[in-house]
file entry_26.tsv (TSV, C-alpha atoms and all ligand atoms)
chain	number	residue	atom	x	y	z
Q	1283	MET	CA	0.00	0.00	0.00
Q	1284	ASN	CA	0.94	3.62	-0.39
Q	1285	ALA	CA	0.19	4.92	3.13
Q	1286	THR	CA	0.44	8.60	2.16
Q	1287	ARG	CA	-2.07	8.15	-0.65
Q	1288	PHE	CA	-4.40	6.09	1.58
Q	1289	TRP	CA	-4.48	8.73	4.33
Q	1290	ALA	CA	-4.95	11.60	1.88
Q	1291	ASN	CA	-7.93	9.89	0.24
Q	1292	PHE	CA	-9.40	8.67	3.54
Q	1293	ARG	CA	-9.15	12.13	5.15
Q	1294	HIS	CA	-10.64	13.74	2.04
Q	1295	LEU	CA	-13.71	11.49	2.11
Q	1296	GLN	CA	-14.05	11.70	5.91
Q	1297	THR	CA	-14.34	15.48	5.96
Q	1298	ILE	CA	-17.45	15.55	3.77
Q	1299	GLY	CA	-20.52	16.20	5.89
Q	1300	LYS	CA	-18.42	16.43	9.05
Q	1301	ARG	CA	-19.80	18.77	11.72
Q	1302	LYS	CA	-18.69	19.52	15.28
Q	1303	ASP	CA	-20.91	16.78	16.71
Q	1304	GLY	CA	-20.18	14.05	14.16
Q	1305	ALA	CA	-20.53	12.91	10.55
Q	1306	TYR	CA	-23.69	13.75	8.61
Q	1307	ARG	CA	-23.54	11.88	5.32
Q	1308	VAL	CA	-27.05	10.53	5.58
Q	1309	ALA	CA	-28.17	8.77	2.40
Q	1310	TRP	CA	-30.30	10.81	0.01
Q	1311	THR	CA	-28.89	14.16	1.22
Q	1312	GLU	CA	-26.57	16.65	-0.49
Q	1313	GLU	CA	-23.66	15.59	1.77
Q	1314	ASP	CA	-24.03	11.96	0.71
Q	1315	GLN	CA	-24.20	13.01	-2.92
Q	1316	MET	CA	-21.07	15.13	-2.44
Q	1317	ALA	CA	-19.18	12.18	-0.92
Q	1318	ARG	CA	-20.10	9.95	-3.86
Q	1319	GLN	CA	-19.13	12.66	-6.37
Q	1320	THR	CA	-15.80	13.13	-4.55
Q	1321	LEU	CA	-15.07	9.42	-4.80
Q	1322	LEU	CA	-15.85	9.56	-8.52
Q	1323	ASP	CA	-13.41	12.48	-8.88
Q	1324	LEU	CA	-10.71	10.53	-7.00
Q	1325	LEU	CA	-11.23	7.51	-9.27
Q	1326	HIS	CA	-10.94	9.67	-12.37
Q	1327	GLN	CA	-7.82	11.42	-11.02
Q	1328	GLU	CA	-6.26	8.01	-10.51
Q	1329	GLY	CA	-7.05	7.04	-14.09
Q	1330	LEU	CA	-9.60	4.35	-13.21
Q	1331	HIS	CA	-12.93	3.98	-14.98
Q	1332	GLY	CA	-15.44	5.32	-12.44
Q	1333	TYR	CA	-19.20	5.61	-12.72
Q	1334	GLN	CA	-22.42	5.75	-10.74
Q	1335	ASP	CA	-24.95	3.02	-11.48
Q	1336	GLY	CA	-28.74	3.32	-11.53
Q	1337	ALA	CA	-29.02	2.58	-7.81
Q	1338	GLY	CA	-26.51	5.27	-6.78
Q	1339	ASN	CA	-23.62	2.85	-6.21
Q	1340	ILE	CA	-20.19	4.16	-7.21
Q	1341	TRP	CA	-17.94	1.74	-9.07
Q	1342	GLY	CA	-14.24	1.97	-9.87
Q	1343	ILE	CA	-13.00	-0.49	-12.45
Q	1344	TRP	CA	-9.55	-1.90	-13.19
Q	1345	SER	CA	-9.72	-4.59	-15.86
Q	1346	PRO	CA	-6.36	-5.87	-17.07
Q	1347	VAL	CA	-7.63	-9.42	-17.80
Q	1348	ASP	CA	-9.83	-10.10	-20.83
Q	1349	ASN	CA	-13.12	-11.86	-20.11
Q	1350	ALA	CA	-12.41	-12.42	-16.42
Q	1351	PRO	CA	-14.92	-11.69	-13.64
Q	1352	TYR	CA	-14.13	-9.20	-10.88
Q	1353	LEU	CA	-12.87	-9.26	-7.35
Q	1354	VAL	CA	-14.90	-6.41	-5.84
Q	1355	MET	CA	-13.84	-4.57	-2.68
Q	1356	GLY	CA	-15.99	-1.98	-1.00
Q	1357	SER	CA	-18.24	-0.66	1.70
Q	1358	HIS	CA	-20.45	2.45	2.00
Q	1359	LEU	CA	-20.00	6.23	2.28
Q	1360	ASP	CA	-23.30	7.13	3.93
Q	1361	SER	CA	-23.43	7.58	7.71
Q	1362	VAL	CA	-25.99	7.70	10.47
Q	1363	PRO	CA	-26.71	11.23	11.80
Q	1364	ARG	CA	-24.00	12.28	14.29
Q	1365	GLY	CA	-22.05	9.28	13.01
Q	1366	GLY	CA	-18.39	8.40	13.25
Q	1367	ASP	CA	-15.37	8.88	11.00
Q	1368	PHE	CA	-14.80	5.20	10.20
Q	1369	ASP	CA	-18.06	3.27	9.65
Q	1370	GLY	CA	-18.16	2.54	5.92
Q	1371	VAL	CA	-15.89	5.33	4.72
Q	1372	PHE	CA	-12.82	3.51	6.07
Q	1373	GLY	CA	-13.68	0.43	3.99
Q	1374	VAL	CA	-14.19	2.50	0.84
Q	1375	ALA	CA	-10.84	4.30	1.28
Q	1376	ALA	CA	-9.16	0.95	2.00
Q	1377	ALA	CA	-10.72	-0.63	-1.09
Q	1378	LEU	CA	-9.53	2.30	-3.20
Q	1379	GLU	CA	-5.98	1.97	-1.87
Q	1380	SER	CA	-5.91	-1.81	-2.36
Q	1381	LEU	CA	-7.17	-1.48	-5.91
Q	1382	LEU	CA	-4.62	1.23	-6.73
Q	1383	ALA	CA	-1.80	-0.78	-5.14
Q	1384	MET	CA	-2.72	-3.78	-7.30
Q	1385	ARG	CA	-3.01	-1.59	-10.35
Q	1386	ASP	CA	0.50	-0.25	-9.57
Q	1387	LYS	CA	1.93	-3.73	-9.09
Q	1388	ALA	CA	-0.36	-6.51	-10.24
Q	1389	PRO	CA	-0.07	-10.00	-8.74
Q	1390	GLU	CA	1.28	-12.74	-11.00
Q	1391	PRO	CA	-0.55	-14.65	-12.40
Q	1392	LEU	CA	-3.72	-12.58	-12.44
Q	1393	CYS	CA	-6.98	-14.42	-13.03
Q	1394	LEU	CA	-9.52	-11.82	-11.84
Q	1395	ASN	CA	-10.10	-8.17	-12.61
Q	1396	GLY	CA	-10.46	-5.71	-9.76
Q	1397	ALA	CA	-13.18	-3.24	-8.81
Q	1398	LEU	CA	-14.23	-0.94	-6.00
Q	1399	VAL	CA	-17.81	-0.32	-4.95
Q	1400	ALA	CA	-19.30	2.24	-2.57
Q	1401	PHE	CA	-22.81	0.93	-1.96
Q	1402	ALA	CA	-25.64	3.44	-1.73
Q	1403	ASP	CA	-27.75	3.84	1.43
Q	1404	GLU	CA	-26.31	1.12	3.62
Q	1405	GLU	CA	-27.64	2.66	6.82
Q	1406	GLY	CA	-31.30	3.10	5.84
Q	1407	VAL	CA	-31.70	6.17	8.06
Q	1408	GLY	CA	-34.32	8.24	6.25
Q	1409	PHE	CA	-36.53	5.69	4.52
Q	1410	ASN	CA	-35.89	2.35	6.29
Q	1411	SER	CA	-34.18	1.27	3.08
Q	1412	GLY	CA	-30.85	-0.01	4.46
Q	1413	LEU	CA	-28.52	-2.14	2.31
Q	1414	PHE	CA	-30.25	-0.50	-0.65
Q	1415	GLY	CA	-27.35	-0.51	-3.11
Q	1416	SER	CA	-26.23	-4.08	-2.46
Q	1417	ARG	CA	-29.81	-5.35	-2.59
Q	1418	ALA	CA	-30.22	-3.63	-5.96
Q	1419	VAL	CA	-26.99	-5.17	-7.28
Q	1420	CYS	CA	-28.09	-8.65	-6.18
Q	1421	GLY	CA	-31.56	-8.26	-7.68
Q	1422	PHE	CA	-33.31	-8.40	-4.29
Q	1423	LEU	CA	-35.39	-5.23	-4.76
Q	1424	THR	CA	-38.80	-5.46	-6.37
Q	1425	ARG	CA	-40.95	-2.55	-7.53
Q	1426	GLU	CA	-43.21	-3.17	-4.54
Q	1427	ILE	CA	-40.33	-3.03	-2.05
Q	1428	PHE	CA	-38.90	0.09	-3.72
Q	1429	ASN	CA	-42.23	1.90	-3.70
Q	1430	ASN	CA	-42.81	0.99	-0.07
Q	1431	PHE	CA	-39.64	2.53	1.42
Q	1432	HIS	CA	-40.90	5.40	3.58
Q	1433	ASP	CA	-39.95	7.48	6.59
Q	1434	ASP	CA	-41.16	6.78	10.13
Q	1435	SER	CA	-44.14	9.10	9.82
Q	1436	GLY	CA	-45.28	7.29	6.67
Q	1437	THR	CA	-45.59	10.58	4.79
Q	1438	ARG	CA	-42.34	10.73	2.78
Q	1439	TYR	CA	-41.45	8.03	0.27
Q	1440	LEU	CA	-38.03	7.17	-1.14
Q	1441	ALA	CA	-39.58	6.83	-4.60
Q	1442	GLU	CA	-40.38	10.58	-4.46
Q	1443	THR	CA	-36.97	11.66	-3.11
Q	1444	ALA	CA	-34.64	9.39	-5.12
Q	1445	PRO	CA	-35.33	11.00	-8.53
Q	1446	ARG	CA	-33.69	14.21	-7.23
Q	1447	PHE	CA	-30.50	12.14	-7.18
Q	1448	GLY	CA	-31.17	10.56	-10.57
Q	1449	ILE	CA	-32.50	7.27	-9.14
Q	1450	THR	CA	-35.86	5.80	-10.15
Q	1451	TRP	CA	-37.35	2.31	-10.13
Q	1452	GLU	CA	-36.64	2.26	-13.86
Q	1453	SER	CA	-32.90	2.84	-13.27
Q	1454	VAL	CA	-32.72	0.48	-10.26
Q	1455	SER	CA	-34.36	-2.35	-12.15
Q	1456	HIS	CA	-32.06	-2.00	-15.18
Q	1457	LEU	CA	-28.65	-2.22	-13.53
Q	1458	ASP	CA	-25.88	-3.50	-15.73
Q	1459	VAL	CA	-23.74	-5.22	-13.08
Q	1460	ILE	CA	-20.20	-6.44	-13.80
Q	1461	PRO	CA	-19.66	-10.20	-13.29
Q	1462	ILE	CA	-18.55	-10.59	-9.66
Q	1463	ALA	CA	-16.42	-13.55	-8.56
Q	1464	VAL	CA	-15.66	-12.46	-4.99
Q	1465	TYR	CA	-16.68	-9.61	-2.66
Q	1466	LEU	CA	-14.39	-8.35	0.13
Q	1467	GLU	CA	-15.22	-5.75	2.76
Q	1468	LEU	CA	-12.95	-4.23	5.40
Q	1469	HIS	CA	-14.78	-2.52	8.26
Q	1470	VAL	CA	-14.23	-1.35	11.82
Q	1471	GLU	CA	-15.59	-3.95	14.24
Q	1472	GLN	CA	-17.95	-1.44	15.93
Q	1473	GLY	CA	-17.94	-3.67	19.02
Q	1474	PRO	CA	-15.44	-4.38	21.81
Q	1475	ASN	CA	-14.11	-7.92	21.09
Q	1476	LEU	CA	-10.92	-7.09	19.20
Q	1477	ASP	CA	-10.11	-4.01	21.28
Q	1478	ARG	CA	-10.50	-5.98	24.53
Q	1479	SER	CA	-8.45	-8.92	23.36
Q	1480	GLY	CA	-5.68	-6.80	21.84
Q	1481	ILE	CA	-5.94	-8.67	18.52
Q	1482	PRO	CA	-5.64	-6.43	15.46
Q	1483	VAL	CA	-7.53	-8.49	12.85
Q	1484	GLY	CA	-10.99	-10.05	12.97
Q	1485	VAL	CA	-11.95	-12.72	10.45
Q	1486	VAL	CA	-15.75	-12.69	10.33
Q	1487	ASN	CA	-17.44	-16.09	10.14
Q	1488	VAL	CA	-21.10	-15.05	10.40
Q	1489	ILE	CA	-23.08	-11.83	10.10
Q	1490	THR	CA	-25.85	-11.41	12.64
Q	1491	GLY	CA	-29.50	-12.03	11.84
Q	1492	ARG	CA	-31.87	-9.21	12.71
Q	1493	SER	CA	-35.55	-8.82	13.62
Q	1494	GLN	CA	-36.94	-5.31	13.40
Q	1495	GLY	CA	-40.39	-3.85	13.71
Q	1496	PHE	CA	-42.75	-1.83	15.86
Q	1497	ALA	CA	-45.15	-2.63	18.69
Q	1498	ARG	CA	-48.25	-0.55	19.35
Q	1499	PHE	CA	-49.66	-0.47	22.91
Q	1500	VAL	CA	-53.23	0.63	23.42
Q	1501	GLY	CA	-54.85	2.08	26.55
Q	1502	GLN	CA	-57.62	4.53	27.48
Q	1503	GLN	CA	-57.02	8.27	27.14
Q	1504	ASN	CA	-57.95	9.93	30.42
Q	1505	HIS	CA	-57.24	12.76	32.86
Q	1506	ALA	CA	-53.83	12.75	34.62
Q	1507	GLY	CA	-55.24	14.14	37.87
Q	1508	THR	CA	-58.68	12.62	38.31
Q	1509	THR	CA	-58.04	9.01	37.25
Q	1510	PRO	CA	-57.19	6.83	40.30
Q	1511	MET	CA	-54.06	4.74	39.77
Q	1512	PRO	CA	-55.82	1.33	39.86
Q	1513	LEU	CA	-58.29	2.45	37.14
Q	1514	ARG	CA	-55.73	3.51	34.58
Q	1515	GLU	CA	-55.09	1.87	31.24
Q	1516	ASP	CA	-51.87	3.69	30.46
Q	1517	ALA	CA	-50.47	2.80	27.02
Q	1518	LEU	CA	-47.13	4.43	27.78
Q	1519	LEU	CA	-46.75	2.37	30.96
Q	1520	TYR	CA	-47.41	-0.83	28.95
Q	1521	ALA	CA	-44.77	0.25	26.44
Q	1522	ALA	CA	-42.28	1.16	29.16
Q	1523	ASN	CA	-42.69	-2.28	30.77
Q	1524	ALA	CA	-42.11	-3.88	27.37
Q	1525	VAL	CA	-38.89	-1.87	26.91
Q	1526	VAL	CA	-37.56	-3.09	30.25
Q	1527	ARG	CA	-38.58	-6.69	29.50
Q	1528	LEU	CA	-36.82	-6.64	26.12
Q	1529	ASN	CA	-33.62	-5.76	27.88
Q	1530	GLN	CA	-34.03	-8.63	30.36
Q	1531	ILE	CA	-35.14	-11.26	27.84
Q	1532	VAL	CA	-32.41	-10.67	25.24
Q	1533	GLY	CA	-29.82	-10.45	28.02
Q	1534	ARG	CA	-30.82	-13.91	29.32
Q	1535	ALA	CA	-30.90	-15.34	25.79
Q	1536	GLY	CA	-27.45	-14.04	24.79
Q	1537	ALA	CA	-28.91	-11.86	22.04
Q	1538	VAL	CA	-28.97	-8.04	21.87
Q	1539	GLY	CA	-32.10	-5.89	21.69
Q	1540	THR	CA	-32.70	-2.17	21.28
Q	1541	VAL	CA	-35.66	0.16	21.46
Q	1542	GLY	CA	-34.47	3.28	19.67
Q	1543	GLN	CA	-37.82	5.06	19.38
Q	1544	LEU	CA	-40.80	5.54	21.65
Q	1545	LYS	CA	-43.77	7.75	20.77
Q	1546	ALA	CA	-46.85	8.35	22.94
Q	1547	MET	CA	-50.18	9.87	21.87
Q	1548	PRO	CA	-51.73	12.33	22.31
Q	1549	GLY	CA	-48.44	13.42	23.93
Q	1550	SER	CA	-49.54	15.86	26.63
Q	1551	PRO	CA	-48.12	15.89	30.21
Q	1552	ASN	CA	-51.60	16.00	31.76
Q	1553	VAL	CA	-53.17	13.25	29.63
Q	1554	ILE	CA	-52.84	9.48	30.07
Q	1555	ALA	CA	-51.68	8.13	26.70
Q	1556	ASP	CA	-54.08	5.92	24.77
Q	1557	SER	CA	-51.42	4.79	22.31
Q	1558	ALA	CA	-47.68	4.22	22.44
Q	1559	VAL	CA	-45.42	2.86	19.72
Q	1560	VAL	CA	-41.94	1.43	20.24
Q	1561	SER	CA	-39.44	0.36	17.61
Q	1562	PHE	CA	-37.34	-2.72	18.25
Q	1563	ASP	CA	-34.19	-4.32	16.84
Q	1564	VAL	CA	-33.15	-7.79	18.06
Q	1565	ARG	CA	-29.99	-9.50	16.81
Q	1566	SER	CA	-28.01	-12.69	17.23
Q	1567	PRO	CA	-25.61	-14.69	15.07
Q	1568	SER	CA	-27.92	-17.63	15.93
Q	1569	ASP	CA	-31.36	-17.48	14.29
Q	1570	THR	CA	-32.73	-19.88	16.91
Q	1571	VAL	CA	-31.65	-17.65	19.80
Q	1572	ARG	CA	-33.05	-14.56	18.05
Q	1573	ASN	CA	-36.40	-16.17	17.24
Q	1574	ILE	CA	-36.89	-17.46	20.79
Q	1575	ALA	CA	-36.00	-14.06	22.27
Q	1576	VAL	CA	-38.51	-12.26	20.02
Q	1577	ARG	CA	-41.22	-14.84	20.73
Q	1578	ASP	CA	-40.73	-14.65	24.51
Q	1579	TRP	CA	-40.76	-10.85	24.41
Q	1580	VAL	CA	-43.97	-10.64	22.36
Q	1581	ASN	CA	-45.61	-13.12	24.76
Q	1582	SER	CA	-44.70	-10.86	27.69
Q	1583	TRP	CA	-46.59	-7.79	26.37
Q	1584	HIS	CA	-49.74	-6.33	27.87
Q	1585	GLY	CA	-52.01	-4.54	25.41
Q	1586	GLY	CA	-49.51	-4.67	22.53
Q	1587	THR	CA	-49.62	-5.71	18.89
Q	1588	LEU	CA	-46.80	-6.17	16.43
Q	1589	PHE	CA	-46.62	-4.35	13.09
Q	1590	ALA	CA	-44.16	-3.67	10.24
Q	1591	TYR	CA	-42.16	-6.75	11.27
Q	1592	HIS	CA	-39.31	-7.96	9.10
Q	1593	GLU	CA	-36.34	-10.19	9.69
Q	1594	GLU	CA	-33.11	-11.26	8.06
Q	1595	ALA	CA	-31.49	-14.59	8.80
Q	1596	ALA	CA	-27.87	-14.73	9.94
Q	1597	VAL	CA	-25.46	-15.14	7.02
Q	1598	PRO	CA	-22.44	-17.48	7.29
Q	1599	LEU	CA	-19.40	-16.34	5.34
Q	1600	TYR	CA	-17.29	-18.37	2.97
Q	1601	PRO	CA	-14.75	-20.56	4.89
Q	1602	ALA	CA	-12.18	-20.66	2.07
Q	1603	ILE	CA	-12.03	-16.85	2.09
Q	1604	GLN	CA	-11.76	-16.80	5.89
Q	1605	ASP	CA	-8.68	-19.00	5.46
Q	1606	VAL	CA	-7.16	-16.63	2.89
Q	1607	ILE	CA	-7.76	-13.64	5.21
Q	1608	ALA	CA	-6.18	-15.48	8.17
Q	1609	ARG	CA	-3.15	-16.35	6.03
Q	1610	ALA	CA	-2.87	-12.73	4.85
Q	1611	ALA	CA	-2.85	-11.54	8.48
Q	1612	SER	CA	-0.21	-14.08	9.40
Q	1613	LYS	CA	1.94	-13.04	6.42
Q	1614	GLU	CA	1.75	-9.47	7.71
Q	1615	GLY	CA	2.85	-10.71	11.15
Q	1616	LEU	CA	-0.56	-9.92	12.69
Q	1617	LYS	CA	-2.63	-11.99	15.08
Q	1618	ALA	CA	-6.16	-12.71	13.88
Q	1619	MET	CA	-9.24	-14.17	15.55
Q	1620	THR	CA	-12.55	-15.44	14.24
Q	1621	VAL	CA	-15.43	-13.17	15.24
Q	1622	PRO	CA	-19.13	-12.85	14.42
Q	1623	SER	CA	-20.38	-9.49	13.14
Q	1624	TRP	CA	-23.13	-8.03	15.32
Q	1625	ALA	CA	-23.60	-5.17	12.85
Q	1626	VAL	CA	-25.19	-5.70	9.45
Q	1627	HIS	CA	-23.14	-5.01	6.34
Q	1628	ASP	CA	-23.55	-5.03	2.57
Q	1629	ALA	CA	-21.38	-8.17	2.80
Q	1630	MET	CA	-24.41	-10.04	4.17
Q	1631	ILE	CA	-26.34	-9.32	0.98
Q	1632	MET	CA	-23.40	-10.05	-1.32
Q	1633	ALA	CA	-22.74	-13.35	0.50
Q	1634	LYS	CA	-26.11	-14.64	-0.71
Q	1635	LYS	CA	-24.85	-14.36	-4.29
Q	1636	VAL	CA	-21.06	-14.61	-4.34
Q	1637	PRO	CA	-18.21	-15.86	-2.12
Q	1638	THR	CA	-17.69	-13.03	0.36
Q	1639	GLY	CA	-15.15	-12.11	3.02
Q	1640	LEU	CA	-15.43	-9.55	5.84
Q	1641	ILE	CA	-12.39	-8.29	7.77
Q	1642	PHE	CA	-12.52	-6.25	10.99
Q	1643	ILE	CA	-10.06	-3.98	12.72
Q	1644	PRO	CA	-10.49	-2.92	16.37
Q	1645	SER	CA	-12.81	-0.05	17.36
Q	1646	VAL	CA	-11.52	1.70	20.47
Q	1647	GLN	CA	-13.85	0.77	23.36
Q	1648	GLY	CA	-16.20	-0.72	20.79
Q	1649	ILE	CA	-17.90	2.63	20.21
Q	1650	SER	CA	-19.66	3.16	16.88
Q	1651	HIS	CA	-22.61	5.02	15.34
Q	1652	ALA	CA	-21.28	7.92	17.44
Q	1653	ALA	CA	-18.83	10.76	16.94
Q	1654	GLU	CA	-16.42	9.08	19.40
Q	1655	GLU	CA	-15.90	6.16	16.98
Q	1656	PHE	CA	-12.13	5.71	16.61
Q	1657	SER	CA	-9.62	3.19	15.32
Q	1658	HIS	CA	-5.88	3.65	15.75
Q	1659	PRO	CA	-3.99	4.69	12.58
Q	1660	GLN	CA	-1.73	1.65	12.94
Q	1661	HIS	CA	-4.76	-0.67	13.00
Q	1662	CYS	CA	-6.20	1.12	9.95
Q	1663	GLU	CA	-3.01	0.58	7.97
Q	1664	GLU	CA	-2.76	-3.05	9.10
Q	1665	GLY	CA	-6.33	-3.59	7.93
Q	1666	VAL	CA	-5.57	-2.15	4.50
Q	1667	ARG	CA	-2.50	-4.37	4.23
Q	1668	VAL	CA	-4.56	-7.47	5.08
Q	1669	LEU	CA	-7.27	-6.46	2.60
Q	1670	GLU	CA	-4.70	-5.88	-0.13
Q	1671	ASP	CA	-2.91	-9.13	0.60
Q	1672	THR	CA	-6.20	-11.07	0.62
Q	1673	ALA	CA	-7.19	-9.47	-2.67
Q	1674	ARG	CA	-3.83	-10.31	-4.24
Q	1675	SER	CA	-4.12	-13.96	-3.18
Q	1676	LEU	CA	-7.67	-14.23	-4.48
Q	1677	CYS	CA	-6.80	-12.56	-7.78
Q	1678	ALA	CA	-4.01	-15.05	-8.25
Q	1679	SER	CA	-6.17	-18.11	-7.55
Q	1680	ASP	CA	-9.61	-19.41	-8.35
Q	1681	LEU	CA	-11.83	-20.08	-5.34
Q	1682	ARG	CA	-14.98	-20.19	-7.32
Q	1683	ARG	CA	-15.20	-23.95	-7.45
Q	1684	GLN	CA	-15.07	-24.42	-3.68
Q	1685	GLU	CA	-18.34	-24.90	-1.81
Q	1686	PRO	CA	-19.36	-22.85	1.25
Q	1687	LYS	CA	-19.82	-24.72	4.58
Q	1688	SER	CA	-23.33	-25.30	5.91
Q	1689	GLU	CA	-24.94	-22.58	8.08
Q	1690	ASP	CA	-24.26	-24.42	11.37
Q	1691	GLU	CA	-20.60	-24.95	10.59
Q	1692	GLY	CA	-20.20	-21.26	9.76
Q	1693	LYS	CA	-21.45	-20.14	13.18
Q	1694	GLY	CA	-19.71	-20.05	16.49
Q	1695	SER	CA	-17.41	-17.94	18.63
G	1701	LIG	C1	-25.84	-0.86	10.48
G	1701	LIG	O1	-24.79	-0.33	10.68
G	1701	LIG	C2	-26.44	-1.74	11.44
G	1701	LIG	O2	-25.79	-2.72	11.89
G	1701	LIG	O3	-27.60	-1.48	11.83
G	1702	MN	MN	-23.38	1.77	10.37
G	1703	MN	MN	-21.03	0.19	8.12

call {"tool": "encode", "arguments": {"input": "entry_26.tsv", "output": "structure tokens", "more": "lines below"}}
Ligand code: GLV
Ligand code: MN
Ligand code: MN
result
Amino acid sequence: MNATRFWANFRHLQTIGKRKDGAYRVAWTEEDQMARQTLLDLLHQEGLHGYQDGAGNIWGIWSPVDNAPYLVMGSHLDSVPRGGDFDGVFGVAAALESLLAMRDKAPEPLCLNGALVAFADEEGVGFNSGLFGSRAVCGFLTREIFNNFHDDSGTRYLAETAPRFGITWESVSHLDVIPIAVYLELHVEQGPNLDRSGIPVGVVNVITGRSQGFARFVGQQNHAGTTPMPLREDALLYAANAVVRLNQIVGRAGAVGTVGQLKAMPGSPNVIADSAVVSFDVRSPSDTVRNIAVRDWVNSWHGGTLFAYHEEAAVPLYPAIQDVIARAASKEGLKAMTVPSWAVHDAMIMAKKVPTGLIFIPSVQGISHAAEEFSHPQHCEEGVRVLEDTARSLCASDLRRQEPKSEDEGKGS
């Protein structure tokens, strides 16, 4: 790698949308558009073929081998509001550097072409449309799904906003995707395992499954002063109890669970709420553990009903690529450990279509989706070196004929 070039490009991309209290490159905003345009400019300056596809993904292409499919490296540029400086953007800068380093000195023999991708709208902040770009590339978006992406109030639709950025269902459904042999993503761990164990490289074996949705609790609207305590049907109290129980149930099950939103109606200090809605997000690398936790939680509710529920199964990653990543770390003199990913990534979508590898570096104190997100410069450079080394090995071999392990074998740790 060329460390000077890596840091210059990484810093350049990081500063877009950066404010005092964190990164604001939320998908489908001007800042996000500016970040994607900046990446395109960098690709062009480096003499690579760069373009935006019909889903808003940015591609950088290096194709020295005739008729060969591509090893694609990438991540995302969009952030959550008040986000960190590493989530996604680090992986894109690392992919750019690895691609340029290979372009500068190609492995011998070379049996794959190389490409970079910055997937659009990984975070799904505004329209609940996370993993948008990778789902489009893999053909997992239908017109119905696209038309149904909307904000939390149900009044703004992605299909009305996206055309301002040149994206329509027409363009999303007519993507001309390069043939992909392998997908590699380098990301900050976003959790504490590597930082705590002092190990610089994580080889991901499984990406967490996730259940998300909303629960509505119903009570009786009434007067805050005149209604005796035993006679109340307080929707907000039902919701609050459910929030506490989620915490207890997932904790016992070994899963994680979050309520990030709570809204009560009519929302006046002197009125007992007749309706309260909570969001929830439950995750585990084991689908069985996740399903049992969700079932037990729903059974514990009083006055609640579930709506807008959707789930994604855990995704095991390709063992042969895990081996190549571990060997690359060892070649670089770095310790590596197998870890599950508790965050979702575009890699979990890509893994359903192509052999996929996910590499982690430590996040200091495991903090992420926050302005305090930080990874040490040395760990960043080590991660880029492992990504580049893995890419070189894969471009010089052909893993495509090897079969992935079964789901159960892929889980663990
Ligand atoms: C995305 O970063 C997620 O894990 O929710
Ligand atoms: Mn994120
Ligand atoms: Mn991310």

call {"tool": "residues_around", "arguments": {"input": "entry_26.tsv", "residues": "region 1396-1409 of chain Q", "least_positions_apart": "6", "cutoff": "9 Å", "atoms": "all atoms listed in the file", "output": "PyMOL selection string"}}
result
chain Q and resi 1308-1310+1314+1318+1321+1337-1346+1351-1363+1370-1371+1373-1374+1377-1378+1381+1384-1385+1415-1416+1431-1434+1438-1440+1627-1628+1673+1677

call {"tool": "residues_near_point", "arguments": {"input": "entry_26.tsv", "point": "(-18.7, 15.3, 3.2)", "cutoff": "6 Å", "atoms": "all atoms listed in the file", "output": "list in words"}}
result
Thr1297, Ile1298, Gly1299, Lys1300, Glu1313 and Ala1317 of chain Q

call {"tool": "residues_around", "arguments": {"input": "entry_26.tsv", "residues": "Glu1379 (chain Q)", "least_positions_apart": "4", "cutoff": "10 Å", "atoms": "all atoms listed in the file", "output": "PDB file with C-alpha atoms, in the coordinates of the input"}}
result
ATOM      1  CA  MET Q1283       0.000   0.000   0.000  1.00  0.00           C
ATOM      2  CA  ASN Q1284       0.940   3.620  -0.390  1.00  0.00           C
ATOM      3  CA  ALA Q1285       0.190   4.920   3.130  1.00  0.00           C
ATOM      4  CA  ARG Q1287      -2.070   8.150  -0.650  1.00  0.00           C
ATOM      5  CA  PHE Q1288      -4.400   6.090   1.580  1.00  0.00           C
ATOM      6  CA  TRP Q1289      -4.480   8.730   4.330  1.00  0.00           C
ATOM      7  CA  ASN Q1291      -7.930   9.890   0.240  1.00  0.00           C
ATOM      8  CA  PHE Q1292      -9.400   8.670   3.540  1.00  0.00           C
ATOM      9  CA  GLY Q1373     -13.680   0.430   3.990  1.00  0.00           C
ATOM     10  CA  VAL Q1374     -14.190   2.500   0.840  1.00  0.00           C
ATOM     11  CA  ALA Q1375     -10.840   4.300   1.280  1.00  0.00           C
ATOM     12  CA  ALA Q1383      -1.800  -0.780  -5.140  1.00  0.00           C
ATOM     13  CA  MET Q1384      -2.720  -3.780  -7.300  1.00  0.00           C
ATOM     14  CA  ARG Q1385      -3.010  -1.590 -10.350  1.00  0.00           C
ATOM     15  CA  LEU Q1398     -14.230  -0.940  -6.000  1.00  0.00           C
ATOM     16  CA  VAL Q1666      -5.570  -2.150   4.500  1.00  0.00           C
ATOM     17  CA  ARG Q1667      -2.500  -4.370   4.230  1.00  0.00           C
ATOM     18  CA  LEU Q1669      -7.270  -6.460   2.600  1.00  0.00           C
ATOM     19  CA  GLU Q1670      -4.700  -5.880  -0.130  1.00  0.00           C
TER      20      GLU Q1670
END

call {"tool": "residues_around", "arguments": {"input": "entry_26.tsv", "residues": "region 1636-1638 of chain Q", "least_positions_apart": "3", "cutoff": "10 Å", "atoms": "only C-alpha atoms", "output": "number ranges by chain"}}
result
Q: 1353-1355, 1420, 1462-1467, 1598-1604, 1629-1633, 1681-1682, 1684-1686

call {"tool": "closest_residue", "arguments": {"input": "entry_26.tsv", "among": "Q:Ala1506, Q:Gln1530, Q:Phe1642, Q:Thr1620", "to": "ligand MN 1703 (chain G)", "atoms": "only C-alpha atoms and all ligand atoms"}}
result
Q:Phe1642

call {"tool": "atom_distance", "arguments": {"input": "entry_26.tsv", "atom1": "CA of Leu1544 (chain Q)", "atom2": "CA of Ala1444 (chain Q)"}}
result
27.7 Å
